Amino acid sequence: MEQLPGIQRFLLETMGGILILGASGSILGALIIYLIKKLVSFARSHSDIFFFVPFYKYFRQARIAEKLSEHQKPSKDTEYLIYCIGEWLKYVLFSFMLILAIGMTAIILLFFGTERPYTLSASISTILLLLHRWLKKGFFVNFLFGRHFKKKVQAIESEQPKTFKKWLKSH
């Protein structure tokens, strides 16, 4: 440890030290650029791994809900309607919990700043966990009714007048 100030002085105050630092920085920069280039070419050739695998959980939830709505399409079963309402309520609950967690984290930051890192990291972890669950449930609920139902809703919405004045004229 006694040699560290001497090495630091040599590297920062002499011409040879500055040349060594510059050369090592250039070599390190070139190595980083080379590694990034290799990583980008690998990512391009294996794009399904980098882009679809991390989001598979969300796509899976959407696909499950879509298949479930296709399976239930011919019947007008009340159990399916009750199931859909329950899933929407869960989504609303997760939304409320996420907003509450974000608010609590903001309060922790306002009152304590970064003085309590364990509390802050626990609240941020809670936000990330709830955000993950919220996204999964959101994809599931979004595809629960299926495309045929959404097309009917869009057709009904397009038939309705856009403003109150137009609605008055039509009635």
# chains A, B, ... in the order shown; residues from 1 in each chain; ligands from 1
call {"tool": "residues_around", "arguments": {"residues": "Ala65 in chain A", "least_positions_apart": "6", "cutoff": "6 Å", "atoms": "only C-alpha atoms", "output": "ChimeraX atom specification"}}
result
/A:140,143-144
call {"tool": "write_last_selection", "arguments": {"atoms": "N, CA and C atoms", "output": "mmCIF file, in the first residue's frame"}}
result
data_model
loop_
_atom_site.group_PDB
_atom_site.id
_atom_site.type_symbol
_atom_site.label_atom_id
_atom_site.label_comp_id
_atom_site.auth_asym_id
_atom_site.auth_seq_id
_atom_site.Cartn_x
_atom_site.Cartn_y
_atom_site.Cartn_z
ATOM 1 N N PHE A 140 -53.281 -10.751 -19.922
ATOM 2 C CA PHE A 140 -54.299 -11.797 -19.822
ATOM 3 C C PHE A 140 -55.693 -11.208 -19.986
ATOM 4 N N PHE A 143 -56.730 -9.841 -23.570
ATOM 5 C CA PHE A 143 -57.084 -10.806 -24.598
ATOM 6 C C PHE A 143 -58.195 -11.766 -24.149
ATOM 7 N N LEU A 144 -58.779 -11.521 -23.000
ATOM 8 C CA LEU A 144 -59.775 -12.432 -22.458
ATOM 9 C C LEU A 144 -61.054 -12.451 -23.285
#
call {"tool": "residues_around", "arguments": {"residues": "range 131-134 of chain A", "least_positions_apart": "3", "cutoff": "10 Å", "atoms": "only C-alpha atoms", "output": "list in words"}}
result
Lys57, Tyr58, Lys90, Tyr91, Val92, Leu93, Phe94, Ser95, Phe96, Met97, Leu98, Ile99, Ala101, Ser125, Thr126, Ile127, Leu128, Lys137, Gly138, Phe139 and Phe140 of chain A
call {"tool": "atom_distance", "arguments": {"atom1": "CA of Leu4 in chain A", "atom2": "CA of Ala30 in chain A"}}
result
26.9 Å
call {"tool": "atom_distance", "arguments": {"atom1": "CA of Ile156 in chain A", "atom2": "CA of Tyr80 in chain A"}}
result
22.4 Å
call {"tool": "select_by_dssp", "arguments": {"residues": "chain A", "states": "helix (DSSP H, G or I)", "output": "PyMOL selection string"}}
result
chain A and resi 4-13+15-45+47-51+56-72+78-112+117-142+146-159+164-170
call {"tool": "residues_around", "arguments": {"residues": "Met104 in chain A", "least_positions_apart": "2", "cutoff": "12 Å", "atoms": "only C-alpha atoms", "output": "PDB file with N, CA and C atoms, in the first residue's frame"}}
result
ATOM      1  N   MET A  97     -52.705  -1.620  -6.040  1.00  0.00           N
ATOM      2  CA  MET A  97     -51.532  -1.959  -5.238  1.00  0.00           C
ATOM      3  C   MET A  97     -50.268  -1.335  -5.818  1.00  0.00           C
ATOM      4  N   LEU A  98     -50.153  -1.317  -7.148  1.00  0.00           N
ATOM      5  CA  LEU A  98     -48.985  -0.722  -7.788  1.00  0.00           C
ATOM      6  C   LEU A  98     -48.935   0.777  -7.530  1.00  0.00           C
ATOM      7  N   ILE A  99     -50.059   1.450  -7.659  1.00  0.00           N
ATOM      8  CA  ILE A  99     -50.115   2.891  -7.388  1.00  0.00           C
ATOM      9  C   ILE A  99     -49.773   3.175  -5.930  1.00  0.00           C
ATOM     10  N   LEU A 100     -50.284   2.347  -5.030  1.00  0.00           N
ATOM     11  CA  LEU A 100     -49.995   2.500  -3.610  1.00  0.00           C
ATOM     12  C   LEU A 100     -48.510   2.301  -3.320  1.00  0.00           C
ATOM     13  N   ALA A 101     -47.896   1.298  -3.944  1.00  0.00           N
ATOM     14  CA  ALA A 101     -46.464   1.047  -3.735  1.00  0.00           C
ATOM     15  C   ALA A 101     -45.616   2.184  -4.285  1.00  0.00           C
ATOM     16  N   ILE A 102     -46.004   2.731  -5.426  1.00  0.00           N
ATOM     17  CA  ILE A 102     -45.267   3.872  -5.986  1.00  0.00           C
ATOM     18  C   ILE A 102     -45.399   5.082  -5.058  1.00  0.00           C
ATOM     19  N   ALA A 106     -42.400   7.007  -3.032  1.00  0.00           N
ATOM     20  CA  ALA A 106     -42.203   8.455  -3.141  1.00  0.00           C
ATOM     21  C   ALA A 106     -42.155   9.097  -1.760  1.00  0.00           C
ATOM     22  N   ILE A 107     -43.010   8.641  -0.854  1.00  0.00           N
ATOM     23  CA  ILE A 107     -43.006   9.178   0.514  1.00  0.00           C
ATOM     24  C   ILE A 107     -41.697   8.847   1.213  1.00  0.00           C
ATOM     25  N   ILE A 108     -41.220   7.612   1.040  1.00  0.00           N
ATOM     26  CA  ILE A 108     -39.936   7.220   1.642  1.00  0.00           C
ATOM     27  C   ILE A 108     -38.810   8.093   1.106  1.00  0.00           C
ATOM     28  N   LEU A 109     -38.831   8.344  -0.200  1.00  0.00           N
ATOM     29  CA  LEU A 109     -37.787   9.194  -0.787  1.00  0.00           C
ATOM     30  C   LEU A 109     -37.875  10.624  -0.285  1.00  0.00           C
ATOM     31  N   LEU A 110     -39.105  11.145  -0.119  1.00  0.00           N
ATOM     32  CA  LEU A 110     -39.264  12.524   0.352  1.00  0.00           C
ATOM     33  C   LEU A 110     -38.801  12.690   1.796  1.00  0.00           C
ATOM     34  N   PHE A 111     -39.171  11.760   2.662  1.00  0.00           N
ATOM     35  CA  PHE A 111     -38.849  11.905   4.074  1.00  0.00           C
ATOM     36  C   PHE A 111     -37.423  11.484   4.419  1.00  0.00           C
ATOM     37  N   PHE A 112     -36.951  10.393   3.807  1.00  0.00           N
ATOM     38  CA  PHE A 112     -35.665   9.848   4.219  1.00  0.00           C
ATOM     39  C   PHE A 112     -34.567   9.967   3.169  1.00  0.00           C
ATOM     40  N   THR A 119     -34.903   0.031   3.297  1.00  0.00           N
ATOM     41  CA  THR A 119     -36.323   0.326   3.113  1.00  0.00           C
ATOM     42  C   THR A 119     -36.603   0.745   1.676  1.00  0.00           C
ATOM     43  N   LEU A 120     -35.736   1.569   1.136  1.00  0.00           N
ATOM     44  CA  LEU A 120     -35.905   2.033  -0.233  1.00  0.00           C
ATOM     45  C   LEU A 120     -35.783   0.880  -1.231  1.00  0.00           C
ATOM     46  N   ALA A 122     -36.309  -2.286  -0.640  1.00  0.00           N
ATOM     47  CA  ALA A 122     -37.461  -3.178  -0.469  1.00  0.00           C
ATOM     48  C   ALA A 122     -38.694  -2.607  -1.166  1.00  0.00           C
ATOM     49  N   SER A 123     -38.900  -1.303  -1.073  1.00  0.00           N
ATOM     50  CA  SER A 123     -40.063  -0.720  -1.730  1.00  0.00           C
ATOM     51  C   SER A 123     -39.905  -0.727  -3.252  1.00  0.00           C
ATOM     52  N   ILE A 124     -38.696  -0.520  -3.747  1.00  0.00           N
ATOM     53  CA  ILE A 124     -38.478  -0.598  -5.192  1.00  0.00           C
ATOM     54  C   ILE A 124     -38.658  -2.036  -5.677  1.00  0.00           C
ATOM     55  N   THR A 126     -40.647  -4.201  -4.339  1.00  0.00           N
ATOM     56  CA  THR A 126     -42.091  -4.415  -4.325  1.00  0.00           C
ATOM     57  C   THR A 126     -42.731  -3.823  -5.574  1.00  0.00           C
ATOM     58  N   ILE A 127     -42.281  -2.638  -5.978  1.00  0.00           N
ATOM     59  CA  ILE A 127     -42.811  -2.024  -7.199  1.00  0.00           C
ATOM     60  C   ILE A 127     -42.525  -2.905  -8.400  1.00  0.00           C
TER      61      ILE A 127
END
call {"tool": "closest_residue", "arguments": {"among": "A:Ser121, A:Lys136, A:Val141, A:Thr114", "to": "Gly86 in chain A", "atoms": "only C-alpha atoms"}}
result
A:Val141
